[in-house]
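Pasted below: input10.txt, compact mmCIF, C-alpha atoms.
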# COMPACT_ATOMS: atom_id res chain seq x y z
CA MET A 1 0.00 0.00 0.00
CA TYR A 2 0.99 3.59 0.33
CA GLN A 3 3.88 4.94 2.26
CA LYS A 4 2.87 8.06 4.12
CA ARG A 5 5.54 10.64 4.14
CA GLY A 6 4.51 12.08 7.45
CA ALA A 7 5.87 15.15 9.11
CA TRP A 8 8.24 16.74 6.72
CA GLY A 9 8.12 20.23 7.47
CA VAL A 10 9.55 23.23 8.82
CA ALA A 11 5.98 23.93 9.74
CA ARG A 12 6.45 25.63 13.04
CA ALA A 13 5.40 29.20 13.70
CA ARG A 14 8.21 31.59 12.95
CA THR A 15 9.91 33.18 15.89
CA SER A 16 10.65 36.85 16.31
CA ALA A 17 14.28 36.05 15.53
CA VAL A 18 13.33 34.79 12.10
CA LEU A 19 11.20 37.85 11.45
CA LEU A 20 14.10 40.03 12.55
CA GLY A 21 16.28 38.11 10.12
CA ALA A 22 13.81 38.82 7.33
CA ALA A 23 13.92 42.51 8.19
CA LEU A 24 17.70 42.45 8.02
CA LEU A 25 17.52 40.74 4.65
CA ILE A 26 15.26 43.49 3.36
CA ALA A 27 17.73 46.04 4.60
CA GLY A 28 20.47 44.28 2.67
CA CYS A 29 22.50 43.33 5.70
CA SER A 30 22.53 39.68 4.67
CA SER A 31 21.96 39.90 0.96
CA GLY A 32 24.92 37.82 -0.10
CA ASP A 33 26.25 40.57 -2.37
CA GLY A 34 27.00 43.22 0.21
CA GLY A 35 26.98 42.24 3.83
CA ASP A 36 29.61 43.02 6.38
CA THR A 37 32.63 41.55 4.62
CA PRO A 38 34.37 42.76 1.45
CA ASP A 39 33.20 39.76 -0.61
CA GLY A 40 29.57 39.84 0.57
CA GLU A 41 30.05 36.81 2.79
CA ASN A 42 28.85 36.38 6.33
CA ALA A 43 31.00 35.51 9.33
CA ALA A 44 31.22 31.89 8.15
CA GLY A 45 32.39 32.92 4.69
CA ILE A 46 29.23 31.70 2.94
CA SER A 47 28.59 33.18 -0.51
CA GLN A 48 26.60 32.34 -3.64
CA GLN A 49 27.12 29.41 -6.01
CA PRO A 50 27.94 30.15 -9.68
CA LYS A 51 24.73 31.43 -11.24
CA GLU A 52 25.08 29.54 -14.51
CA LYS A 53 24.93 26.23 -12.66
CA ASN A 54 22.85 27.14 -9.66
CA PRO A 55 20.60 30.22 -9.89
CA PHE A 56 19.04 29.72 -6.47
CA TRP A 57 19.87 31.97 -3.52
CA VAL A 58 22.13 30.74 -0.72
CA ASN A 59 21.00 32.14 2.61
CA PRO A 60 24.27 33.29 4.23
CA ASP A 61 22.63 33.39 7.65
CA GLY A 62 20.73 30.09 7.68
CA ASN A 63 20.97 27.55 10.47
CA ALA A 64 23.83 25.70 8.82
CA ALA A 65 25.82 28.88 8.27
CA GLN A 66 25.33 29.87 11.90
CA GLN A 67 26.51 26.41 12.95
CA VAL A 68 29.65 26.77 10.83
CA ALA A 69 30.42 30.08 12.51
CA ALA A 70 29.80 28.58 15.96
CA TYR A 71 32.05 25.59 15.33
CA GLU A 72 34.81 27.82 13.97
CA LYS A 73 34.55 30.09 16.99
CA ASP A 74 34.95 27.05 19.26
CA GLY A 75 37.90 25.79 17.26
CA GLU A 76 36.03 22.76 15.91
CA LYS A 77 37.40 23.16 12.41
CA GLU A 78 36.65 19.66 11.11
CA ASP A 79 33.00 19.83 12.12
CA ALA A 80 32.75 23.32 10.66
CA GLU A 81 33.99 22.07 7.30
CA GLN A 82 31.49 19.23 7.35
CA ILE A 83 28.53 21.55 8.00
CA ARG A 84 29.87 23.90 5.34
CA LYS A 85 28.77 21.23 2.81
CA ILE A 86 25.21 22.17 3.78
CA ALA A 87 25.67 25.88 4.41
CA GLU A 88 27.10 26.56 0.96
CA GLN A 89 24.06 25.19 -0.87
CA PRO A 90 20.72 26.94 -1.48
CA THR A 91 17.86 25.39 0.45
CA GLY A 92 14.14 26.00 0.61
CA GLU A 93 12.85 28.81 2.79
CA TRP A 94 9.63 27.57 4.41
CA ILE A 95 7.23 30.48 4.81
CA GLY A 96 5.62 30.56 8.26
CA PRO A 97 1.95 31.15 9.05
CA GLU A 98 2.14 34.52 10.80
CA LYS A 99 3.96 36.98 8.54
CA PRO A 100 3.88 35.56 5.00
CA GLU A 101 4.22 38.89 3.24
CA ASP A 102 7.19 40.01 5.33
CA GLU A 103 9.02 36.71 4.98
CA ALA A 104 8.41 36.36 1.25
CA ARG A 105 9.54 39.94 0.71
CA GLY A 106 12.62 39.44 2.85
CA TYR A 107 13.81 36.31 1.09
CA THR A 108 13.05 37.49 -2.45
CA THR A 109 14.60 40.89 -1.83
CA ALA A 110 17.79 39.32 -0.49
CA ALA A 111 17.88 36.94 -3.44
CA ALA A 112 17.35 39.77 -5.92
CA LYS A 113 20.19 41.77 -4.36
CA ALA A 114 22.43 38.76 -4.94
CA ASP A 115 21.10 38.37 -8.51
CA ARG A 116 19.61 34.98 -7.62
CA THR A 117 16.18 33.38 -7.32
CA ALA A 118 14.59 32.55 -3.98
CA LEU A 119 13.41 28.97 -3.42
CA LEU A 120 10.26 29.14 -1.29
CA VAL A 121 8.21 26.32 0.21
CA LEU A 122 4.52 26.88 1.05
CA TYR A 123 3.21 24.43 3.63
CA ASN A 124 0.12 25.79 5.34
CA ILE A 125 -2.87 23.97 3.82
CA PRO A 126 -5.75 23.41 6.30
CA HIS A 127 -5.72 19.98 8.02
CA ARG A 128 -2.08 19.57 7.14
CA ASP A 129 -0.24 16.30 7.78
CA CYS A 130 -3.31 14.45 9.11
CA GLY A 131 -2.50 15.15 12.76
CA GLN A 132 1.07 13.85 12.61
CA TYR A 133 4.30 15.62 13.63
CA SER A 134 3.70 18.64 11.36
CA GLN A 135 -0.01 18.91 11.96
CA GLY A 136 -1.65 22.29 11.71
CA GLY A 137 -1.94 24.64 8.80
CA ALA A 138 -4.36 27.50 8.21
CA ALA A 139 -7.50 27.50 10.31
CA ASP A 140 -9.81 27.44 7.29
CA GLY A 141 -10.00 28.11 3.58
CA ASP A 142 -10.41 31.87 3.87
CA THR A 143 -7.41 32.11 6.17
CA TYR A 144 -5.36 30.11 3.66
CA ARG A 145 -6.41 32.35 0.78
CA GLU A 146 -5.37 35.42 2.78
CA TRP A 147 -2.05 33.76 3.53
CA ILE A 148 -1.42 33.02 -0.15
CA ASP A 149 -2.32 36.63 -0.96
CA GLY A 150 0.29 37.74 1.56
CA VAL A 151 2.96 35.51 0.04
CA ALA A 152 2.15 36.86 -3.43
CA LYS A 153 2.35 40.46 -2.25
CA GLY A 154 5.69 39.74 -0.64
CA ILE A 155 7.12 38.18 -3.79
CA GLY A 156 5.89 40.88 -6.15
CA ASP A 157 7.85 41.02 -9.41
CA ARG A 158 11.00 39.50 -7.93
CA GLY A 159 12.16 36.04 -8.96
CA ALA A 160 10.87 33.07 -6.97
CA THR A 161 10.56 29.32 -7.42
CA VAL A 162 7.79 27.92 -5.23
CA VAL A 163 7.29 24.32 -4.12
CA LEU A 164 3.61 24.19 -3.24
CA GLU A 165 2.19 22.22 -0.34
CA PRO A 166 4.17 19.06 0.36
CA ASP A 167 1.82 16.12 1.04
CA ALA A 168 -1.36 18.03 0.15
CA VAL A 169 -2.35 15.99 -2.92
CA LEU A 170 -0.71 12.77 -1.74
CA HIS A 171 -2.79 12.76 1.44
CA LEU A 172 -5.97 13.14 -0.59
CA VAL A 173 -5.03 10.04 -2.55
CA ASP A 174 -3.87 7.81 0.30
CA GLY A 175 -6.94 8.43 2.43
CA CYS A 176 -5.11 10.27 5.17
CA THR A 177 -7.15 13.46 4.69
CA PRO A 178 -10.89 12.94 5.43
CA ASP A 179 -13.24 13.02 2.43
CA GLU A 180 -15.11 16.10 3.63
CA PHE A 181 -12.00 18.24 3.11
CA HIS A 182 -11.15 17.07 -0.41
CA GLU A 183 -13.24 19.49 -2.47
CA GLU A 184 -12.01 22.50 -0.53
CA ARG A 185 -8.37 21.40 -0.78
CA TYR A 186 -8.53 21.05 -4.55
CA ASP A 187 -10.07 24.50 -4.76
CA LEU A 188 -7.41 26.01 -2.50
CA LEU A 189 -4.56 24.47 -4.47
CA LYS A 190 -6.01 25.65 -7.80
CA GLY A 191 -6.44 29.12 -6.35
CA ALA A 192 -2.91 29.20 -4.97
CA ILE A 193 -1.43 28.19 -8.32
CA ALA A 194 -3.49 30.80 -10.14
CA LYS A 195 -2.50 33.54 -7.70
CA LEU A 196 1.20 32.73 -7.78
CA LYS A 197 1.28 32.32 -11.55
CA SER A 198 -0.22 35.79 -11.92
CA LEU A 199 3.12 37.11 -10.71
CA LYS A 200 5.68 38.17 -13.28
CA ASN A 201 8.68 36.04 -12.29
CA THR A 202 7.35 33.19 -10.15
CA LYS A 203 7.51 29.49 -11.02
CA VAL A 204 5.28 27.00 -9.21
CA TYR A 205 5.86 23.27 -8.72
CA LEU A 206 3.05 21.31 -7.06
CA ASP A 207 4.16 18.47 -4.80
CA ALA A 208 3.48 15.07 -6.37
CA GLY A 209 4.74 12.42 -3.97
CA ASN A 210 7.75 10.17 -4.30
CA ALA A 211 9.01 6.97 -5.85
CA GLY A 212 8.11 4.83 -2.84
CA TRP A 213 4.52 5.66 -1.96
CA GLY A 214 2.54 4.22 -4.86
CA HIS A 215 2.12 4.57 -8.61
CA PRO A 216 1.72 7.62 -10.89
CA ASP A 217 -1.64 6.22 -12.05
CA GLN A 218 -2.97 6.90 -8.55
CA ILE A 219 -2.11 10.58 -8.45
CA PHE A 220 -2.17 12.03 -11.96
CA GLU A 221 -5.92 12.79 -11.97
CA PRO A 222 -5.83 14.40 -8.50
CA LEU A 223 -2.95 16.56 -9.71
CA LYS A 224 -5.11 17.70 -12.62
CA TRP A 225 -7.99 18.47 -10.25
CA ALA A 226 -5.53 20.51 -8.18
CA GLY A 227 -4.53 22.65 -11.17
CA ILE A 228 -1.27 21.11 -12.37
CA ASP A 229 -2.05 22.32 -15.89
CA GLN A 230 -1.58 25.92 -14.73
CA ALA A 231 1.61 25.21 -12.78
CA ASP A 232 5.12 25.14 -14.22
CA GLY A 233 5.45 21.53 -13.16
CA PHE A 234 5.59 19.32 -10.09
CA ALA A 235 8.04 18.33 -7.34
CA VAL A 236 9.04 14.80 -6.34
CA ASN A 237 10.86 13.30 -3.35
CA VAL A 238 10.24 16.34 -1.15
CA SER A 239 11.91 15.70 2.20
CA ASN A 240 12.35 12.07 1.23
CA PHE A 241 15.28 9.74 0.58
CA TYR A 242 14.61 7.91 -2.68
CA THR A 243 17.52 7.92 -5.08
CA THR A 244 17.74 10.49 -7.82
CA LYS A 245 17.57 7.71 -10.42
CA ASP A 246 14.34 6.31 -8.98
CA SER A 247 12.91 9.80 -8.49
CA ILE A 248 13.55 10.73 -12.11
CA ALA A 249 11.96 7.48 -13.31
CA TYR A 250 8.87 8.17 -11.18
CA GLY A 251 8.73 11.78 -12.34
CA LYS A 252 9.00 10.91 -16.02
CA GLU A 253 6.25 8.32 -15.78
CA LEU A 254 4.03 10.83 -14.01
CA SER A 255 4.92 13.60 -16.45
CA ALA A 256 3.60 11.54 -19.34
CA ARG A 257 0.20 11.53 -17.63
CA VAL A 258 0.01 15.26 -16.92
CA GLY A 259 0.85 16.80 -20.26
CA ASP A 260 4.61 16.21 -20.19
CA LYS A 261 5.08 18.72 -17.41
CA PRO A 262 8.67 19.11 -16.17
CA PHE A 263 9.57 18.55 -12.55
CA VAL A 264 12.12 19.21 -9.83
CA VAL A 265 13.70 16.59 -7.56
CA ASP A 266 14.54 17.11 -3.90
CA THR A 267 18.05 15.65 -3.56
CA SER A 268 18.79 17.09 -0.13
CA ARG A 269 19.18 13.80 1.77
CA ASN A 270 18.99 11.00 -0.80
CA GLY A 271 22.70 10.25 -1.13
CA ASN A 272 22.36 6.76 0.38
CA GLY A 273 18.79 6.10 -0.71
CA PRO A 274 15.92 5.23 1.66
CA TYR A 275 16.30 3.62 5.08
CA THR A 276 15.05 0.03 5.22
CA GLY A 277 15.42 -0.81 8.91
CA GLY A 278 13.40 -0.21 12.02
CA ASP A 279 9.66 0.49 12.22
CA PRO A 280 8.35 0.68 8.63
CA ASN A 281 5.93 3.43 9.69
CA GLU A 282 8.78 5.69 10.78
CA ARG A 283 11.54 4.95 8.31
CA TRP A 284 11.02 8.46 6.93
CA CYS A 285 11.63 10.13 10.29
CA ASN A 286 15.26 11.08 11.02
CA PRO A 287 16.57 7.79 9.59
CA PRO A 288 20.17 6.89 10.45
CA GLY A 289 22.88 6.37 7.88
CA ARG A 290 21.57 8.84 5.31
CA ALA A 291 23.69 11.26 3.29
CA LEU A 292 23.42 14.48 1.36
CA GLY A 293 22.47 14.03 -2.28
CA GLU A 294 23.45 15.86 -5.46
CA ALA A 295 24.02 19.57 -5.03
CA PRO A 296 21.23 21.85 -6.25
CA THR A 297 21.57 22.69 -9.93
CA THR A 298 19.62 23.39 -13.09
CA LYS A 299 22.17 21.38 -15.08
CA THR A 300 20.40 18.03 -14.92
CA PRO A 301 20.81 14.85 -16.99
CA ASP A 302 17.25 14.88 -18.33
CA PRO A 303 15.35 17.65 -20.18
CA LEU A 304 12.21 16.96 -18.13
CA VAL A 305 14.07 17.66 -14.88
CA ASP A 306 14.15 21.42 -14.41
CA ALA A 307 16.38 21.25 -11.36
CA PHE A 308 17.76 19.31 -8.45
CA VAL A 309 16.78 21.30 -5.36
CA TRP A 310 17.19 21.00 -1.62
CA VAL A 311 13.60 21.56 -0.50
CA LYS A 312 14.14 20.01 2.89
CA ARG A 313 16.90 21.79 4.77
CA PRO A 314 19.44 19.12 5.77
CA GLY A 315 19.98 19.09 9.50
CA GLU A 316 16.45 20.10 10.44
CA SER A 317 14.47 17.41 12.24
CA ASP A 318 11.60 15.44 10.73
CA GLY A 319 9.96 15.18 14.14
CA GLU A 320 10.32 13.87 17.66
CA CYS A 321 11.59 10.42 16.79
CA LYS A 322 14.96 8.69 17.19
CA GLY A 323 15.99 11.35 19.67
CA GLY A 324 15.19 14.29 17.41
CA PRO A 325 13.70 17.65 18.36
CA LYS A 326 10.40 18.97 17.02
CA ALA A 327 9.80 18.99 13.28
CA GLY A 328 11.76 21.73 11.58
CA GLU A 329 14.15 22.44 14.45
CA TRP A 330 17.88 22.46 13.74
CA TRP A 331 19.69 19.32 14.94
CA ALA A 332 23.44 19.74 14.62
CA LYS A 333 24.21 16.12 15.47
CA TYR A 334 22.05 14.83 12.62
CA ALA A 335 23.41 17.45 10.23
CA LEU A 336 26.91 16.20 10.95
CA THR A 337 25.97 12.59 10.22
CA LEU A 338 24.46 13.59 6.87
CA ALA A 339 27.51 15.61 5.93
CA LYS A 340 30.09 13.05 7.06
CA ALA A 341 28.34 10.29 5.10
CA SER A 342 28.44 12.36 1.91
CA LYS A 343 31.04 12.12 -0.82
In structure tokens, how does this file's structure come out?
Amino acid sequence: MYQKRGAWGVARARTSAVLLGAALLIAGCSSGDGGDTPDGENAAGISQQPKEKNPFWVNPDGNAAQQVAAYEKDGEKEDAEQIRKIAEQPTGEWIGPEKPEDEARGYTTAAAKADRTALLVLYNIPHRDCGQYSQGGAADGDTYREWIDGVAKGIGDRGATVVLEPDAVLHLVDGCTPDEFHEERYDLLKGAIAKLKSLKNTKVYLDAGNAGWGHPDQIFEPLKWAGIDQADGFAVNVSNFYTTKDSIAYGKELSARVGDKPFVVDTSRNGNGPYTGGDPNERWCNPPGRALGEAPTTKTPDPLVDAFVWVKRPGESDGECKGGPKAGEWWAKYALTLAKASK
């Protein structure tokens, strides 16, 4: 049967520190092309990747970058260099529920100042995650629509690539989301795609599951009902561990059923493939022995694959399992294991 993905997200409410960070980004203090060092780097020396290979914005003040700086300050050079593998790559910025306009404006402004594109993840659909680790989401449909409006206002005409609502369609298909919420969810997803695609420089990829949960025949019609025809494409393997090869095969088979739409693959933690030990119901949650996958890039081996992206931010917990903190919280110990296991 299906493999539920569970609590993927960085779905927590944003703290005042994050909002302060967004304000600093708007002010250009952390833009990646100015900053407080001559080369536009932060204290950890984090700067942008070459644009021709990787057009997405590297947040020079993300959790991984802060960990690098902390390790270097404490003289832990080897650990700092390991975490640098994460800090130097662009990762998704998960927009919180409270200040969507401010956060979207902060990230896209910082990205524009660095002549890059912000990678944003929207994860606030009502009845999110079926009561699991990342349960929550907007209180109702109207609240969600207002939230999407705020995100759109924050993005404006600046460049953004949006991964829309991890799990939202998958949980309609696998029976996790009760039937009475299905019609509204399809309407909300269609509306979100339409709103975001009305923006001048925004691309939208609707989440479409992964290579291990089921078969493309089970999800292609729901994707159409959710508005995939109006989106730029879909996303696969979000926050999951399936190999890039398997993810591309799944994506290509699904693409053929939704008008040959292109797709993006989350390669953030798939370097060693999926975990096959322990409780099958929690293999997705902070599994041991995993590794970072291919670095984000738009230079992919298949014309249908628009990009490899790191939607899930490596080092942030999947949930309170295997000794981990709450979903979305930074876990330096786990980040180190991912980095050390990587090539």
- Message: Set the distance at 9 Å and use all atoms listed in the file: which residues neighbour segment 304-313 of chain A once local chain neighbours fewer than 5 positions away are removed? I'd like the list as number ranges by chain.
- Response: A: 8-10, 54, 56, 64, 86, 89-94, 119-121, 163, 233, 238-240, 244, 248, 251-252, 255, 260-269, 293-299, 328
Distance atom CA of Gly289 of chain A-atom CA of Gly315 of chain A, one decimal place?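 Rounded to one decimal, the two atoms are 13.1 Å apart.
Candidate residues A:Ala44, A:Asp140, A:Cys321, A:Ala87 were compared for distance to Lys73 of chain A, and the nearest is A:Ala44, using only C-alpha atoms.
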Sel. within 8 Å of pt (-2.3, 25.9, 8.7), counting all atoms listed in the file, output as an MDAnalysis selection string
chainID A and resid 97 123:128 136:140 144
| request: Take atom CA of Lys53 of chain A and atom CA of Thr161 of chain A and report the distance between them in Å, one decimal. | output: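 Interatomic distance here is 15.6 Å.
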